[in-house]
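**Student:** Handing you this structure, nothing more for now.
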Amino acid sequence: MSNRILTCIGCPMGCTLQVEMDGQIVKSVTGNTCKRGDTYARKEVTDPTRIVTTTVRLKNGGVVSVKTKEDIPKGKILDCVKELKQLVVEGPVKIGQVVLENTAGTGIPVVATSFSK
């Protein structure tokens, strides 16, 4: 048995979570004050994911802010960022517009989070 200590990011409370594990199996989660804490802890220790936010360059100059539409595996973040660093998009760009269909082979699109001219 092993224990992991996490700070929950599921809500503004920031609870300190204690996750008891038997190998890769979560036996218990304690310290959470809401259901989101339990869900977050179980996912974080078995299959951590993140939403990536950054900017991409516009062909006519400037940048537009973007994010992955869903969480991607934590191990794919660097690949995603490398792809986005090379990406140049044609403006104008609208909020929610897909700027990259399949980031880092995850099947998850990257969308604009701001307008551009």
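Every chain in the structure tokens takes a letter, A first, then B, and so on in the order presented; its residues are numbered from 1, and the ligands are numbered from 1 following the presented order.
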Quick one: residues within 7 Å of Lys85 in chain A, only C-alpha atoms, excluding same-chain residues fewer than 3 positions away - as a list of chain:residue names?
**Tutor:**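 Listed by chain and then number, they are A:Val56, A:Val81, A:Lys82.
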**Student:** Save the residues we just selected, C-alpha atoms, as a PDB file, in the first residue's frame?
**Tutor:**
ATOM      1  CA  VAL A  56      -0.845  30.713 -31.888  1.00  0.00           C
ATOM      2  CA  VAL A  81       2.765  22.743 -27.371  1.00  0.00           C
ATOM      3  CA  LYS A  82       5.422  21.926 -30.002  1.00  0.00           C
TER       4      LYS A  82
END
**Student:** Excluding same-chain residues fewer than 6 positions from Met1 in chain A, what lies within 12 Å of it counting only C-alpha atoms, as a PyMOL selection string?
**Tutor:** chain A and resi 19-28
**Student:** Output as a PyMOL selection string all residues of range 59-116 of chain A that backbone DSSP marks as alpha helix (DSSP H).
**Tutor:** chain A and resi 77-86
**Student:** Which of these residues is nearest to Arg57 in chain A, using only C-alpha atoms: A:Met13, A:Val110, A:Leu87, A:Ile77?
**Tutor:**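 Going through A:Met13, A:Val110, A:Leu87, A:Ile77 one by one, the smallest distance to Arg57 in chain A is for A:Leu87.
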**Student:** Neighbouring residues of Val88 in chain A were defined as those with any atom within 10 Å, considering only C-alpha atoms; residues of the same chain fewer than 5 positions away were excluded. Please report them as a list in words.
**Tutor:**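 Contacts, with the query itself left out: Val56, Arg57, Leu58, Lys59, Asn60, Gly61, Val63, Val64 and Val99 of chain A.
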**Student:** Skip Ser116 in chain A itself and residues of its chain fewer than 3 positions away, then list as a count of residues only all residues within 7 Å of it, counting only C-alpha atoms.
**Tutor:** 5
**Student:** Which value, in Å to one decimal, gives the distance between CA of Cys80 in chain A and CA of Val98 in chain A?
**Tutor:**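 Answer for the CA of Cys80 in chain A to CA of Val98 in chain A separation: 14.6 Å.
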**Student:** So that each row is one residue of range 68-98 of chain A with an atom at most 7 Å from range 44-53 of chain A, can you give its shortest atom pair and the distance in Å to one decimal, using only C-alpha atoms, rows by chain and rising number, as CSV?
**Tutor:**
residue,atom,partner,partner_atom,distance
A:Thr68,CA,A:Val52,CA,5.5
A:Glu70,CA,A:Ile51,CA,6.1
A:Asp71,CA,A:Ile51,CA,4.4
A:Ile72,CA,A:Thr49,CA,5.2
A:Pro73,CA,A:Thr49,CA,4.3
A:Lys74,CA,A:Thr49,CA,4.8
**Student:** Could you name the residues that touch Cys11 in chain A at 12 Å or less, counting only C-alpha atoms, but leaving out those on the same chain fewer than 6 positions away, as a ChimeraX atom specification?
**Tutor:** /A:32-40
**Student:** Include N, CA and C atoms and write out the residues we just selected as a CSV table (one decimal), in the first residue's frame.
**Tutor:**
chain,number,residue,atom,x,y,z
A,32,ASN,N,-11.5,15.1,1.0
A,32,ASN,CA,-12.3,15.9,0.1
A,32,ASN,C,-13.6,16.4,0.8
A,33,THR,N,-14.1,17.6,0.5
A,33,THR,CA,-15.3,18.1,1.1
A,33,THR,C,-16.5,18.0,0.0
A,34,CYS,N,-16.2,17.6,-1.2
A,34,CYS,CA,-17.2,17.5,-2.2
A,34,CYS,C,-16.9,16.3,-3.1
A,35,LYS,N,-17.8,15.8,-3.8
A,35,LYS,CA,-17.7,14.7,-4.7
A,35,LYS,C,-16.6,14.9,-5.8
A,36,ARG,N,-16.5,16.2,-6.2
A,36,ARG,CA,-15.5,16.5,-7.2
A,36,ARG,C,-14.1,16.1,-6.8
A,37,GLY,N,-13.8,16.2,-5.5
A,37,GLY,CA,-12.5,15.9,-5.0
A,37,GLY,C,-12.2,14.4,-5.1
A,38,ASP,N,-13.1,13.6,-4.9
A,38,ASP,CA,-13.0,12.1,-5.0
A,38,ASP,C,-12.7,11.8,-6.5
A,39,THR,N,-13.5,12.4,-7.4
A,39,THR,CA,-13.4,12.1,-8.8
A,39,THR,C,-12.0,12.6,-9.3
A,40,TYR,N,-11.6,13.8,-8.9
A,40,TYR,CA,-10.3,14.4,-9.3
A,40,TYR,C,-9.2,13.5,-8.9
**Student:** Among the residues of range 56-116 of chain A, find those DSSP assigns to strand (DSSP E) from the backbone and print them as a PDB file with C-alpha atoms, in the first residue's frame.
**Tutor:**
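Dumped everything to selection.pdb:
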ATOM      1  CA  VAL A  56      -0.845  30.713 -31.888  1.00  0.00           C
ATOM      2  CA  ARG A  57       0.523  33.090 -34.474  1.00  0.00           C
ATOM      3  CA  LEU A  58      -1.647  34.766 -37.071  1.00  0.00           C
ATOM      4  CA  VAL A  63      -1.542  36.065 -31.986  1.00  0.00           C
ATOM      5  CA  VAL A  64      -4.845  34.512 -30.957  1.00  0.00           C
ATOM      6  CA  SER A  65      -5.463  32.673 -27.694  1.00  0.00           C
ATOM      7  CA  VAL A  66      -6.379  28.980 -27.954  1.00  0.00           C
ATOM      8  CA  LYS A  67      -7.052  25.929 -25.805  1.00  0.00           C
ATOM      9  CA  THR A  68      -7.593  22.231 -26.229  1.00  0.00           C
ATOM     10  CA  ILE A  72      -5.433  15.704 -23.135  1.00  0.00           C
ATOM     11  CA  PRO A  73      -3.154  13.127 -21.488  1.00  0.00           C
ATOM     12  CA  VAL A  88       0.239  29.856 -38.148  1.00  0.00           C
ATOM     13  CA  VAL A  89      -3.456  30.498 -38.822  1.00  0.00           C
ATOM     14  CA  VAL A  98     -11.119  24.950 -34.619  1.00  0.00           C
ATOM     15  CA  VAL A  99      -7.536  25.940 -35.450  1.00  0.00           C
ATOM     16  CA  LEU A 100      -6.084  22.411 -35.225  1.00  0.00           C
ATOM     17  CA  VAL A 110      -7.642  23.074 -30.439  1.00  0.00           C
ATOM     18  CA  VAL A 111     -10.095  26.004 -30.522  1.00  0.00           C
ATOM     19  CA  ALA A 112      -9.746  29.772 -30.411  1.00  0.00           C
TER      20      ALA A 112
END
